[in-house]
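What follows is the content of protein.cif (mmCIF, C-alpha atoms).
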```
data_entry
loop_
_atom_site.group_PDB
_atom_site.id
_atom_site.type_symbol
_atom_site.label_atom_id
_atom_site.label_comp_id
_atom_site.auth_asym_id
_atom_site.auth_seq_id
_atom_site.Cartn_x
_atom_site.Cartn_y
_atom_site.Cartn_z
ATOM 1 C CA MET A 347 0.000 0.000 0.000
ATOM 2 C CA THR A 348 1.176 3.495 -0.675
ATOM 3 C CA GLU A 349 1.395 6.229 1.931
ATOM 4 C CA ARG A 350 -1.764 7.752 0.456
ATOM 5 C CA SER A 351 -3.711 4.602 1.292
ATOM 6 C CA TYR A 352 -3.275 5.289 4.979
ATOM 7 C CA HIS A 353 -3.576 9.084 4.958
ATOM 8 C CA HIS A 354 -6.449 9.831 2.638
ATOM 9 C CA GLY A 355 -7.723 13.412 2.929
ATOM 10 C CA ASP A 356 -11.440 12.774 2.355
ATOM 11 C CA LEU A 357 -12.051 9.059 2.240
ATOM 12 C CA ARG A 358 -15.833 9.358 1.934
ATOM 13 C CA ARG A 359 -15.587 11.654 -1.107
ATOM 14 C CA ALA A 360 -12.877 9.522 -2.700
ATOM 15 C CA LEU A 361 -14.958 6.369 -2.272
ATOM 16 C CA LEU A 362 -18.138 7.962 -3.633
ATOM 17 C CA THR A 363 -16.229 9.339 -6.632
ATOM 18 C CA ALA A 364 -14.673 5.925 -7.265
ATOM 19 C CA THR A 365 -18.099 4.309 -6.907
ATOM 20 C CA ALA A 366 -19.604 6.592 -9.540
ATOM 21 C CA ALA A 367 -16.705 5.812 -11.886
ATOM 22 C CA ALA A 368 -17.014 2.067 -11.305
ATOM 23 C CA ILE A 369 -20.750 2.154 -11.959
ATOM 24 C CA ALA A 370 -20.164 4.164 -15.139
ATOM 25 C CA ASP A 371 -17.756 1.425 -16.279
ATOM 26 C CA LYS A 372 -19.611 -1.728 -15.233
ATOM 27 C CA GLY A 373 -23.045 -0.820 -13.839
ATOM 28 C CA PRO A 374 -24.247 -0.868 -10.234
ATOM 29 C CA THR A 375 -24.733 -4.610 -9.876
ATOM 30 C CA ALA A 376 -21.131 -5.397 -10.847
ATOM 31 C CA LEU A 377 -19.702 -3.071 -8.200
ATOM 32 C CA SER A 378 -17.295 -4.736 -5.791
ATOM 33 C CA LEU A 379 -15.848 -3.167 -2.667
ATOM 34 C CA ARG A 380 -12.419 -4.615 -3.459
ATOM 35 C CA ASP A 381 -12.367 -3.008 -6.928
ATOM 36 C CA LEU A 382 -13.642 0.206 -5.408
ATOM 37 C CA ALA A 383 -10.799 0.244 -2.870
ATOM 38 C CA ARG A 384 -8.292 -0.298 -5.666
ATOM 39 C CA ARG A 385 -9.760 2.599 -7.670
ATOM 40 C CA ALA A 386 -9.659 4.899 -4.627
ATOM 41 C CA GLY A 387 -6.131 3.825 -3.702
ATOM 42 C CA VAL A 388 -7.074 2.641 -0.222
ATOM 43 C CA SER A 389 -6.911 -0.668 1.620
ATOM 44 C CA HIS A 390 -9.473 -3.273 0.627
ATOM 45 C CA ALA A 391 -11.095 -2.945 4.068
ATOM 46 C CA ALA A 392 -11.572 0.834 3.880
ATOM 47 C CA PRO A 393 -14.931 0.882 2.011
ATOM 48 C CA ALA A 394 -16.484 -1.665 4.390
ATOM 49 C CA HIS A 395 -15.052 0.136 7.401
ATOM 50 C CA HIS A 396 -16.513 3.450 6.225
ATOM 51 C CA PHE A 397 -19.891 2.329 4.780
ATOM 52 C CA GLY A 398 -20.447 -1.107 6.319
ATOM 53 C CA ASP A 399 -21.263 -2.950 3.112
ATOM 54 C CA LYS A 400 -22.114 -2.449 -0.543
ATOM 55 C CA ALA A 401 -25.706 -1.466 0.283
ATOM 56 C CA GLY A 402 -24.423 1.143 2.741
ATOM 57 C CA LEU A 403 -22.133 2.590 0.097
ATOM 58 C CA LEU A 404 -24.934 2.694 -2.482
ATOM 59 C CA THR A 405 -27.230 4.274 0.108
ATOM 60 C CA ALA A 406 -24.765 7.136 0.448
ATOM 61 C CA LEU A 407 -24.558 7.450 -3.343
ATOM 62 C CA ALA A 408 -28.366 7.475 -3.660
ATOM 63 C CA ALA A 409 -28.690 10.143 -0.950
ATOM 64 C CA GLU A 410 -26.063 12.247 -2.685
ATOM 65 C CA GLY A 411 -27.878 11.756 -5.990
ATOM 66 C CA TYR A 412 -31.263 12.807 -4.632
ATOM 67 C CA ALA A 413 -29.683 15.891 -3.046
ATOM 68 C CA MET A 414 -28.030 16.838 -6.345
ATOM 69 C CA LEU A 415 -31.308 16.232 -8.197
ATOM 70 C CA ALA A 416 -33.165 18.453 -5.720
ATOM 71 C CA ASP A 417 -30.573 21.191 -6.287
ATOM 72 C CA ALA A 418 -30.875 20.832 -10.079
ATOM 73 C CA LEU A 419 -34.672 21.017 -9.944
ATOM 74 C CA SER A 420 -34.593 24.017 -7.604
ATOM 75 C CA ALA A 421 -32.145 25.797 -9.906
ATOM 76 C CA ALA A 422 -34.719 25.459 -12.712
ATOM 77 C CA GLY A 423 -36.608 28.266 -10.992
ATOM 78 C CA GLY A 424 -39.981 26.594 -10.624
ATOM 79 C CA ASP A 425 -40.688 26.363 -14.356
ATOM 80 C CA LEU A 426 -42.088 22.930 -15.225
ATOM 81 C CA LEU A 427 -40.424 22.607 -18.621
ATOM 82 C CA ASP A 428 -37.076 23.823 -17.288
ATOM 83 C CA SER A 429 -37.442 21.377 -14.368
ATOM 84 C CA GLY A 430 -38.041 18.504 -16.788
ATOM 85 C CA VAL A 431 -34.982 19.456 -18.818
ATOM 86 C CA ALA A 432 -32.969 19.777 -15.586
ATOM 87 C CA TYR A 433 -34.088 16.259 -14.650
ATOM 88 C CA VAL A 434 -32.862 14.881 -17.979
ATOM 89 C CA ARG A 435 -29.592 16.840 -17.694
ATOM 90 C CA PHE A 436 -29.043 15.431 -14.210
ATOM 91 C CA ALA A 437 -29.596 11.862 -15.474
ATOM 92 C CA ILE A 438 -27.085 12.335 -18.287
ATOM 93 C CA GLU A 439 -24.445 14.147 -16.223
ATOM 94 C CA HIS A 440 -24.790 11.899 -13.150
ATOM 95 C CA ARG A 441 -25.663 8.593 -14.729
ATOM 96 C CA ALA A 442 -24.228 6.441 -11.927
ATOM 97 C CA HIS A 443 -26.278 8.240 -9.296
ATOM 98 C CA PHE A 444 -29.379 8.061 -11.479
ATOM 99 C CA GLU A 445 -28.968 4.325 -12.048
ATOM 100 C CA VAL A 446 -28.679 3.649 -8.324
ATOM 101 C CA MET A 447 -31.388 6.049 -7.133
ATOM 102 C CA PHE A 448 -34.109 4.254 -9.030
ATOM 103 C CA GLN A 449 -33.095 0.734 -8.015
ATOM 104 C CA PRO A 450 -34.038 0.770 -4.313
ATOM 105 C CA GLY A 451 -33.232 -2.930 -4.029
ATOM 106 C CA LEU A 452 -29.546 -1.935 -4.187
ATOM 107 C CA TYR A 453 -29.583 0.325 -1.133
ATOM 108 C CA HIS A 454 -31.507 1.166 2.036
ATOM 109 C CA PRO A 455 -34.407 3.315 0.732
ATOM 110 C CA ASP A 456 -35.674 3.991 4.252
ATOM 111 C CA ASP A 457 -32.381 5.603 5.266
ATOM 112 C CA PRO A 458 -33.172 9.051 6.751
ATOM 113 C CA GLU A 459 -30.638 10.844 4.541
ATOM 114 C CA VAL A 460 -32.100 9.230 1.406
ATOM 115 C CA ALA A 461 -35.669 9.974 2.509
ATOM 116 C CA ALA A 462 -34.893 13.635 3.247
ATOM 117 C CA ALA A 463 -33.099 14.194 -0.063
ATOM 118 C CA ARG A 464 -35.845 12.388 -2.011
ATOM 119 C CA GLU A 465 -38.462 14.558 -0.260
ATOM 120 C CA ARG A 466 -36.554 17.710 -1.282
ATOM 121 C CA ALA A 467 -36.551 16.539 -4.911
ATOM 122 C CA ASP A 468 -40.280 15.753 -4.726
ATOM 123 C CA ARG A 469 -41.000 19.215 -3.295
ATOM 124 C CA SER A 470 -39.069 20.855 -6.129
ATOM 125 C CA LEU A 471 -41.145 18.999 -8.707
ATOM 126 C CA SER A 472 -44.365 19.837 -6.835
ATOM 127 C CA THR A 473 -43.381 23.501 -6.784
ATOM 128 C CA ALA A 474 -42.815 23.514 -10.540
ATOM 129 C CA LEU A 475 -46.198 21.877 -11.088
ATOM 130 C CA SER A 476 -48.025 24.250 -8.770
ATOM 131 C CA THR A 477 -46.862 27.298 -10.735
ATOM 132 C CA ARG A 478 -48.362 25.957 -13.952
ATOM 133 C CA PRO A 479 -51.600 27.738 -14.961
ATOM 134 C CA GLY A 480 -54.573 25.425 -14.663
ATOM 135 C CA HIS A 481 -52.714 23.239 -12.158
ATOM 136 C CA PRO A 482 -55.239 20.933 -10.499
ATOM 137 C CA ARG A 483 -55.502 21.437 -6.746
ATOM 138 C CA ASP A 484 -57.230 18.162 -5.879
ATOM 139 C CA GLU A 485 -56.636 14.446 -6.407
ATOM 140 C CA ASP A 486 -55.662 15.128 -10.030
ATOM 141 C CA ALA A 487 -52.570 16.975 -8.793
ATOM 142 C CA GLU A 488 -50.945 13.682 -7.804
ATOM 143 C CA ALA A 489 -51.726 12.166 -11.203
ATOM 144 C CA THR A 490 -50.380 15.266 -12.957
ATOM 145 C CA GLN A 491 -47.160 15.109 -10.945
ATOM 146 C CA LEU A 492 -46.782 11.419 -11.745
ATOM 147 C CA ALA A 493 -47.378 12.101 -15.448
ATOM 148 C CA ALA A 494 -44.734 14.855 -15.507
ATOM 149 C CA TRP A 495 -42.200 12.735 -13.634
ATOM 150 C CA SER A 496 -42.940 9.716 -15.843
ATOM 151 C CA LEU A 497 -42.344 11.683 -19.018
ATOM 152 C CA ALA A 498 -39.054 13.224 -17.843
ATOM 153 C CA HIS A 499 -37.823 9.979 -16.282
ATOM 154 C CA GLY A 500 -38.875 7.885 -19.252
ATOM 155 C CA PHE A 501 -37.126 10.197 -21.691
ATOM 156 C CA ALA A 502 -33.963 10.159 -19.563
ATOM 157 C CA ALA A 503 -33.999 6.353 -19.242
ATOM 158 C CA LEU A 504 -34.572 5.876 -22.977
ATOM 159 C CA ARG A 505 -31.729 8.269 -23.758
ATOM 160 C CA LEU A 506 -29.311 6.578 -21.358
ATOM 161 C CA SER A 507 -30.141 3.087 -22.575
ATOM 162 C CA GLY A 508 -29.652 4.023 -26.228
ATOM 163 C CA ALA A 509 -33.242 3.015 -27.014
ATOM 164 C CA LEU A 510 -34.208 6.262 -28.749
ATOM 165 C CA PRO A 511 -34.246 6.130 -32.560
ATOM 166 C CA ALA A 512 -31.038 7.105 -34.337
ATOM 167 C CA THR A 513 -32.862 10.111 -35.780
ATOM 168 C CA THR A 514 -32.913 11.634 -32.279
ATOM 169 C CA GLU A 515 -29.127 11.924 -31.963
ATOM 170 C CA GLY A 516 -27.770 15.354 -31.151
ATOM 171 C CA ASP A 517 -28.230 17.714 -28.237
ATOM 172 C CA PRO A 518 -30.161 15.746 -25.598
ATOM 173 C CA GLU A 519 -31.304 18.888 -23.773
ATOM 174 C CA ALA A 520 -32.741 20.448 -26.929
ATOM 175 C CA LEU A 521 -34.520 17.211 -27.747
ATOM 176 C CA ALA A 522 -35.772 16.884 -24.167
ATOM 177 C CA ARG A 523 -37.127 20.436 -24.351
ATOM 178 C CA ARG A 524 -39.041 19.580 -27.545
ATOM 179 C CA VAL A 525 -40.381 16.279 -26.203
ATOM 180 C CA LEU A 526 -41.258 17.489 -22.709
ATOM 181 C CA GLY A 527 -42.751 20.644 -24.174
ATOM 182 C CA GLN A 528 -45.502 18.480 -25.664
ATOM 183 C CA LEU A 529 -46.935 18.103 -22.154
ATOM 184 C CA PHE A 530 -45.253 20.819 -20.111
ATOM 185 C CA GLN A 531 -45.721 23.961 -22.191
ATOM 186 C CA GLN A 532 -48.312 26.438 -21.079
ATOM 187 C CA PRO A 533 -51.638 26.281 -22.933
#
```

So that I can check it, write out the structure of this file as structure tokens.
Amino acid sequence: MTERSYHHGDLRRALLTATAAAIADKGPTALSLRDLARRAGVSHAAPAHHFGDKAGLLTALAAEGYAMLADALSAAGGDLLDSGVAYVRFAIEHRAHFEVMFQPGLYHPDDPEVAAARERADRSLSTALSTRPGHPRDEDAEATQLAAWSLAHGFAALRLSGALPATTEGDPEALARRVLGQLFQQP
């Protein structure tokens, strides 16, 4: 082991960064703590010592992802279309987080940090929906929010998986704006 293995400045950050890189390379299910330690330049026991197990590590990554998503949605300024595009941008720029966040079988979804960050993201989406003219204020509000989330999430997932037609290549944000605008634009 090198000197750096024993005197790491921010082990948590280094491990989360290495986790995101490993997931980008091989996907979340192929992640191994030993490979992660090698990538971070720490002892093979360091990830388990810091996070407990793989699920603990992925819980931290999911919480971080939901917090970043909440920030991205808030930065959209409450506009529904801009929030949808921000959602797609987040998925593309933070693919590893996105892949973990929506596979709760990989982590502890009831973790308080995950729950709080997920709630912040939900509130940001609700805020964007509530500013839309004609926004339903009753039981249809939940269905409208689910429809908006489904469209943005579905577009992001199709883009990441390569399932969109070849004719849709190009700027993913511009395409997302056109697609999401079909539902999100003001009447």

Could you tell me which residues the PyMOL selection byres ((chain A and resi 377-391) around 12) returns for this structure, as a VMD selection string? chain A and resid 347 to 376 392 to 404 442 446 452

For a test of reading the model, state the distance in Å between CA of Glu515 in chain A and CA of Ala416 in chain A, rounded to one decimal. 27.3 Å

Selection result for the PyMOL selection byres ((chain A and resi 410) around 10) on this file, as an NGL selection string: :A and (362 or 404-409 or 411-416 or 443 or 447 or 459-460 or 463-464)

Please produce an output containing C-alpha atoms for each residue in the selection, written as a compact mmCIF listing (two decimals), keeping the file's coordinate frame.
```txt
# COMPACT_ATOMS: atom_id res chain seq x y z
CA LEU A 362 -18.14 7.96 -3.63
CA LEU A 404 -24.93 2.69 -2.48
CA THR A 405 -27.23 4.27 0.11
CA ALA A 406 -24.76 7.14 0.45
CA LEU A 407 -24.56 7.45 -3.34
CA ALA A 408 -28.37 7.48 -3.66
CA ALA A 409 -28.69 10.14 -0.95
CA GLY A 411 -27.88 11.76 -5.99
CA TYR A 412 -31.26 12.81 -4.63
CA ALA A 413 -29.68 15.89 -3.05
CA MET A 414 -28.03 16.84 -6.34
CA LEU A 415 -31.31 16.23 -8.20
CA ALA A 416 -33.16 18.45 -5.72
CA HIS A 443 -26.28 8.24 -9.30
CA MET A 447 -31.39 6.05 -7.13
CA GLU A 459 -30.64 10.84 4.54
CA VAL A 460 -32.10 9.23 1.41
CA ALA A 463 -33.10 14.19 -0.06
CA ARG A 464 -35.84 12.39 -2.01
```

Have a look at CA of Gly508 in chain A and CA of Ala474 in chain A and let me know their distance in Å, one decimal. 28.3 Å

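Distance-wise, CA of Ala509 in chain A and CA of Phe436 in chain A end up 18.3 Å apart.
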
Tell me, as an MDAnalysis selection string, which residues lie within 12 Å of Ser507 in chain A, counting only C-alpha atoms; anything in the same chain fewer than 5 positions away does not count. chainID A and resid 373 437:438 441 445 500:502

Quick check on the file I pasted: which residues fall under the PyMOL selection byres ((chain A and resi 473) around 12)? Write them as a ChimeraX atom specification. /A:416,419-426,429,466-472,474-478,481,487,491

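Proximity of A:Asp517, A:Gly451, A:Arg524, A:Val434 to Ser496 in chain A, computed with only C-alpha atoms, is greatest for A:Val434.
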